$ cat target-v9.txt   # compact mmCIF, C-alpha atoms
# COMPACT_ATOMS: atom_id res chain seq x y z
CA MET A 1 13.42 113.59 -128.15
CA LYS A 2 10.12 111.90 -128.91
CA TYR A 3 11.09 111.91 -132.59
CA ASP A 4 14.41 110.22 -131.79
CA ASN A 5 12.63 107.49 -129.86
CA LEU A 6 10.28 106.89 -132.75
CA GLY A 7 13.21 106.73 -135.18
CA TRP A 8 15.13 104.31 -133.01
CA LYS A 9 12.11 102.05 -132.66
CA LYS A 10 11.56 102.18 -136.41
CA TYR A 11 15.13 101.15 -137.19
CA LEU A 12 15.00 98.44 -134.53
CA PHE A 13 11.78 97.07 -135.99
CA GLU A 14 13.29 97.06 -139.49
CA PHE A 15 16.45 95.37 -138.21
CA LEU A 16 14.46 92.70 -136.37
CA THR A 17 12.28 92.15 -139.41
CA ILE A 18 15.32 91.65 -141.65
CA PHE A 19 17.06 89.47 -139.05
CA ILE A 20 14.02 87.25 -138.56
CA GLY A 21 13.49 87.05 -142.33
CA VAL A 22 17.12 86.04 -142.97
CA THR A 23 17.04 83.55 -140.11
CA LEU A 24 13.82 81.97 -141.34
CA ALA A 25 15.15 81.82 -144.91
CA PHE A 26 18.35 80.16 -143.68
CA ALA A 27 16.36 77.71 -141.54
CA LEU A 28 14.07 76.94 -144.47
CA THR A 29 17.05 76.36 -146.77
CA THR A 30 18.71 74.10 -144.21
CA TRP A 31 15.49 72.15 -143.71
CA SER A 32 15.02 71.82 -147.46
CA GLU A 33 18.59 70.56 -147.93
CA ARG A 34 18.18 68.04 -145.14
CA LYS A 35 14.87 66.89 -146.60
CA ASN A 36 16.43 66.50 -150.06
CA LYS A 37 19.37 64.55 -148.61
CA PHE A 38 17.01 62.30 -146.66
CA GLU A 39 14.89 61.64 -149.75
CA SER A 40 18.02 61.05 -151.84
CA ALA A 41 19.41 58.63 -149.23
CA GLU A 42 16.12 56.76 -148.99
CA LYS A 43 15.83 56.52 -152.80
CA THR A 44 19.41 55.25 -153.08
CA ILE A 45 18.92 52.69 -150.29
CA LEU A 46 15.75 51.41 -151.98
CA GLU A 47 17.64 51.13 -155.28
CA ILE A 48 20.34 49.12 -153.53
CA ARG A 49 17.71 46.92 -151.90
CA ASN A 50 16.01 46.18 -155.23
CA GLY A 51 19.37 45.34 -156.79
CA LEU A 52 20.21 43.01 -153.89
CA LYS A 53 17.02 41.02 -154.45
CA LEU A 54 17.90 40.51 -158.12
CA ASP A 55 21.48 39.58 -157.21
CA LYS A 56 20.27 37.00 -154.70
CA GLU A 57 18.18 35.33 -157.39
CA ASP A 58 21.05 35.36 -159.92
CA PHE A 59 23.54 34.03 -157.37
CA SER A 60 21.10 31.29 -156.38
CA LEU A 61 20.77 30.21 -160.03
CA ASN A 62 24.56 30.05 -160.41
CA ARG A 63 24.88 28.08 -157.18
CA LYS A 64 22.29 25.56 -158.36
CA GLY A 65 24.20 25.28 -161.63
CA HIS A 66 27.35 24.35 -159.71
CA GLU A 67 25.37 21.87 -157.62
CA ALA A 68 24.18 20.24 -160.84
CA GLY A 69 27.80 20.23 -162.04
CA ILE A 70 28.81 18.25 -158.95
CA SER A 71 26.12 15.65 -159.67
CA ILE A 72 27.41 15.41 -163.25
CA CYS A 73 30.97 14.82 -162.01
CA GLN A 74 29.70 12.01 -159.81
CA TYR A 75 27.74 10.58 -162.74
CA PHE A 76 30.85 10.44 -164.96
CA ARG A 77 32.91 9.00 -162.12
CA ARG A 78 30.49 6.06 -161.88
CA PHE A 79 30.40 5.76 -165.67
CA ILE A 80 34.20 5.63 -165.99
CA ASN A 81 34.37 3.07 -163.17
CA GLY A 82 32.11 0.77 -165.21
CA GLU A 83 28.99 1.20 -163.09
CA ALA A 84 25.58 1.15 -164.78
CA VAL A 85 24.24 4.64 -165.52
CA ASN A 86 21.36 6.00 -167.60
CA ARG A 87 22.99 7.08 -170.86
CA ASP A 88 19.91 8.72 -172.41
CA THR A 89 21.10 12.16 -171.34
CA ILE A 90 24.85 11.52 -171.39
CA GLY A 91 25.38 13.98 -174.27
CA PHE A 92 23.71 16.78 -172.32
CA TYR A 93 25.66 15.86 -169.19
CA TYR A 94 28.91 15.93 -171.13
CA GLN A 95 28.19 19.40 -172.51
CA SER A 96 27.37 20.58 -168.97
CA LEU A 97 30.39 18.97 -167.31
CA THR A 98 32.71 21.94 -167.91
CA ARG A 99 30.07 24.68 -168.08
CA ASP A 100 31.18 28.09 -166.78
CA TYR A 101 29.04 30.80 -165.19
CA ILE A 102 29.34 34.58 -165.12
CA SER A 103 28.60 36.76 -162.12
CA ILE A 104 25.73 39.13 -162.95
CA GLN A 105 25.72 41.93 -160.37
CA ASN A 106 23.35 44.88 -160.09
CA LYS A 107 25.64 47.62 -158.79
CA SER A 108 23.78 50.69 -160.08
CA GLY A 109 22.47 51.57 -156.61
CA TYR A 110 25.92 51.28 -155.06
CA GLU A 111 27.54 53.28 -157.86
CA SER A 112 24.88 55.96 -157.37
CA LEU A 113 25.67 56.04 -153.65
CA LYS A 114 29.39 56.41 -154.29
CA SER A 115 28.81 59.25 -156.74
CA LYS A 116 26.68 61.10 -154.17
CA GLY A 117 29.06 60.33 -151.32
CA LEU A 118 29.08 57.32 -149.01
CA GLU A 119 28.45 59.66 -146.07
CA LEU A 120 24.90 60.01 -147.41
CA ILE A 121 24.21 56.89 -145.32
CA LYS A 122 24.24 58.23 -141.77
CA ASP A 123 24.08 54.81 -140.09
CA ASP A 124 27.76 53.78 -139.82
CA SER A 125 26.96 50.08 -139.46
CA LEU A 126 24.69 50.07 -142.52
CA ARG A 127 27.26 51.97 -144.56
CA LEU A 128 30.00 49.47 -143.63
CA GLU A 129 27.70 46.53 -144.45
CA ILE A 130 27.07 47.96 -147.92
CA ILE A 131 30.74 48.68 -148.61
CA SER A 132 31.83 45.25 -147.36
CA LEU A 133 29.29 43.40 -149.49
CA TYR A 134 30.01 45.20 -152.76
CA ASP A 135 33.75 45.84 -152.46
CA PHE A 136 34.77 42.50 -150.98
CA TYR A 137 32.18 39.73 -151.28
CA TYR A 138 30.91 40.67 -154.73
CA GLU A 139 34.47 40.93 -156.01
CA LEU A 140 35.21 37.51 -154.51
CA ILE A 141 32.34 35.92 -156.44
CA GLU A 142 33.34 37.73 -159.64
CA LYS A 143 36.95 36.50 -159.36
CA LEU A 144 35.87 32.92 -158.62
CA GLU A 145 33.59 32.83 -161.67
CA GLU A 146 35.51 34.87 -164.20
CA THR A 147 39.23 35.20 -163.43
CA TYR A 148 40.36 32.35 -161.17
CA ALA A 149 42.06 29.99 -163.65
CA GLU A 150 41.03 26.65 -162.13
CA ASN A 151 37.38 27.74 -162.15
CA GLN A 152 37.42 28.36 -165.89
CA TYR A 153 36.27 24.81 -166.40
CA HIS A 154 35.89 24.84 -170.16
CA GLN A 155 39.29 26.42 -170.72
CA SER A 156 41.11 24.27 -168.16
CA PHE A 157 39.43 20.88 -168.46
CA PHE A 158 37.37 20.50 -171.66
CA THR A 159 40.24 19.75 -174.04
CA PRO A 160 42.08 17.15 -171.90
CA ILE A 161 38.82 15.36 -171.02
CA ASN A 162 37.66 15.51 -174.64
CA GLU A 163 40.90 14.00 -175.89
CA LEU A 164 40.53 11.04 -173.54
CA LEU A 165 36.86 10.34 -174.36
CA ALA A 166 36.65 11.36 -178.04
CA GLU A 167 37.11 7.85 -179.48
CA PHE A 168 34.16 6.56 -177.43
CA MET A 169 31.69 9.24 -178.55
CA VAL A 170 28.72 8.57 -180.83
CA PHE A 171 27.20 11.43 -182.88
CA ASP A 172 23.98 11.77 -184.83
CA LYS A 173 23.80 13.08 -188.40
CA LYS A 174 23.61 16.67 -187.13
CA GLY A 175 26.84 16.31 -185.17
CA ASN A 176 25.25 16.10 -181.71
CA ILE A 177 26.62 13.71 -179.11
CA ILE A 178 23.96 11.07 -178.52
CA ASP A 179 26.03 8.56 -176.58
CA ILE A 180 29.42 7.82 -175.07
CA LEU A 181 30.39 4.18 -175.04
CA PRO A 182 31.91 2.74 -171.85
CA PRO A 183 35.62 3.72 -172.06
CA THR A 184 36.94 0.24 -171.32
CA GLY A 185 39.98 0.81 -173.51
CA LEU A 186 41.47 3.51 -171.29
CA SER A 187 44.84 2.80 -169.72
CA LYS A 188 45.23 3.10 -165.97
CA LYS A 189 47.01 6.42 -166.44
CA GLU A 190 44.27 7.80 -168.68
CA LYS A 191 41.57 6.68 -166.27
CA ASN A 192 43.42 8.27 -163.37
CA LEU A 193 43.76 11.52 -165.32
CA LEU A 194 40.02 11.58 -165.90
CA MET A 195 39.35 10.92 -162.23
CA THR A 196 41.76 13.71 -161.30
CA TYR A 197 40.00 16.19 -163.61
CA LEU A 198 36.58 15.21 -162.26
CA GLY A 199 37.80 15.52 -158.68
CA LYS A 200 39.26 18.96 -159.36
CA ILE A 201 36.08 20.22 -161.02
CA GLU A 202 33.92 18.88 -158.19
CA GLY A 203 36.17 20.30 -155.48
CA ASN A 204 36.26 23.75 -157.08
CA ARG A 205 32.51 23.79 -157.58
CA LYS A 206 32.02 22.89 -153.89
CA PHE A 207 34.31 25.74 -152.86
CA THR A 208 32.40 28.15 -155.10
CA ILE A 209 29.07 26.98 -153.67
CA GLN A 210 30.29 27.65 -150.13
CA ASN A 211 31.14 31.21 -151.09
CA TYR A 212 27.79 31.70 -152.82
CA LEU A 213 25.99 30.55 -149.68
CA LEU A 214 28.03 32.99 -147.60
CA VAL A 215 27.32 35.92 -149.93
CA GLU A 216 23.62 35.04 -150.25
CA GLU A 217 23.40 35.07 -146.46
CA ARG A 218 25.05 38.49 -146.27
CA ILE A 219 22.76 39.80 -149.01
CA GLN A 220 19.69 38.71 -147.06
CA HIS A 221 21.12 40.22 -143.89
CA LEU A 222 21.60 43.55 -145.66
CA ILE A 223 18.09 43.43 -147.14
CA ASP A 224 16.67 42.88 -143.65
CA TYR A 225 18.83 45.72 -142.30
CA ILE A 226 17.57 48.10 -144.99
CA ASP A 227 13.96 47.06 -144.39
CA GLU A 228 14.34 47.95 -140.72
CA GLU A 229 16.04 51.25 -141.62
CA ILE A 230 13.28 52.48 -143.94
CA LYS A 231 10.32 51.51 -141.74

$ encode --input "target-v9.txt" --output "structure tokens"
Amino acid sequence: MKYDNLGWKKYLFEFLTIFIGVTLAFALTTWSERKNKFESAEKTILEIRNGLKLDKEDFSLNRKGHEAGISICQYFRRFINGEAVNRDTIGFYYQSLTRDYISIQNKSGYESLKSKGLELIKDDSLRLEIISLYDFYYELIEKLEETYAENQYHQSFFTPINELLAEFMVFDKKGNIIDILPPTGLSKKEKNLLMTYLGKIEGNRKFTIQNYLLVEERIQHLIDYIDEEIK
């Protein structure tokens, strides 16, 4: 009987030892997986944050380019109306009048997040902010700059404007525009066409600037959100 008790206790001890060992191993594995997921999520969020800062700078440069384009439209409007303007830089202004911009976007962090699974971001609000910015607002900017026909200024407006002003242009020996003479010989129709083109370019640039300001604001909001999340 004493032997049976000793045997039972031995088997119980072995069972408990195995059970505790398996339980601890499972707990350790679970903890390790959670730790790896947390580190992966934090690394991905930081990558997104770094990309957002670069995007904000690039978007700001494009916005300032459109702001300069508006000033150039207003310059040529005064020039065509016969007002006195400084013509020293008129060649540069003319080349910049229909300048296009491309939308440079750093999406590597977001693409990494999607490949790992969006659910890696446990904060629902943060996850929705990220998805909304990249899948809606970034696409909006890209379409405005690269696919929306009226915003392809060189393609849509350079040729008709050039045809109206070509006879008034002055070139140097290298073929660079150094001056544009006052276009006093334009008919009323031709002058109105020019004014229409300038108005369209200016209006579209203003609309694009408004969207850049909106997206820049949302980028900064997301950067601040991420900074709070990783503190």

$ closest_atom_pairs --input "target-v9.txt" --of "stretch 42-132 of chain A" --to "stretch 140-160 of chain A" --cutoff "12 Å" --atoms "all atoms listed in the file" --output "tab-separated table"
residue	atom	partner	partner_atom	distance
A:Asp55	CA	A:Ile141	CA	11.5
A:Asp58	CA	A:Ile141	CA	11.8
A:Phe59	CA	A:Ile141	CA	9.0
A:Asn62	CA	A:Glu145	CA	9.5
A:Arg63	CA	A:Ile141	CA	10.8
A:His66	CA	A:Glu145	CA	10.7
A:Gly69	CA	A:Tyr153	CA	10.6
A:Tyr94	CA	A:Phe158	CA	9.6
A:Gln95	CA	A:Phe158	CA	9.3
A:Ser96	CA	A:His154	CA	9.6
A:Leu97	CA	A:Tyr153	CA	8.3
A:Thr98	CA	A:Tyr153	CA	4.8
A:Arg99	CA	A:His154	CA	6.2
A:Asp100	CA	A:Tyr153	CA	6.1
A:Tyr101	CA	A:Glu145	CA	6.1
A:Ile102	CA	A:Glu145	CA	5.7
A:Ser103	CA	A:Glu142	CA	5.4
A:Ile104	CA	A:Glu142	CA	8.4
A:Gln105	CA	A:Glu142	CA	8.7
A:Ser132	CA	A:Leu140	CA	11.1

$ atom_distance --input "target-v9.txt" --atom1 "atom CA of A:Ile223" --atom2 "atom CA of A:Leu133"
11.4 Å

$ closest_residue --input "target-v9.txt" --among "A:Glu190, A:Glu167, A:Asp123, A:Glu217" --to "A:Ile45" --atoms "only C-alpha atoms"
A:Asp123

$ residues_around --input "target-v9.txt" --residues "A:Ile226" --least-positions-apart "2" --cutoff "12 Å" --atoms "only C-alpha atoms" --output "list in words"
Ala41, Glu42, Lys43, Thr44, Ile45, Leu46, Glu47, Ile48, Arg49, Asn50, Leu52, Lys53, Ile121, Asp123, Ser125, Leu126, Arg127, Glu129, Ile130, Ile219, Gln220, His221, Leu222, Ile223, Asp224, Glu228, Glu229, Ile230 and Lys231 of chain A

$ axis_aligned_box --input "target-v9.txt" --around "stretch 47-58 of chain A" --padding-each-side "5 Å" --output "lines of an AutoDock Vina configuration file"
center_x = 18.7
center_y = 43.2
center_z = -155.9
size_x = 15.5
size_y = 25.8
size_z = 18.0
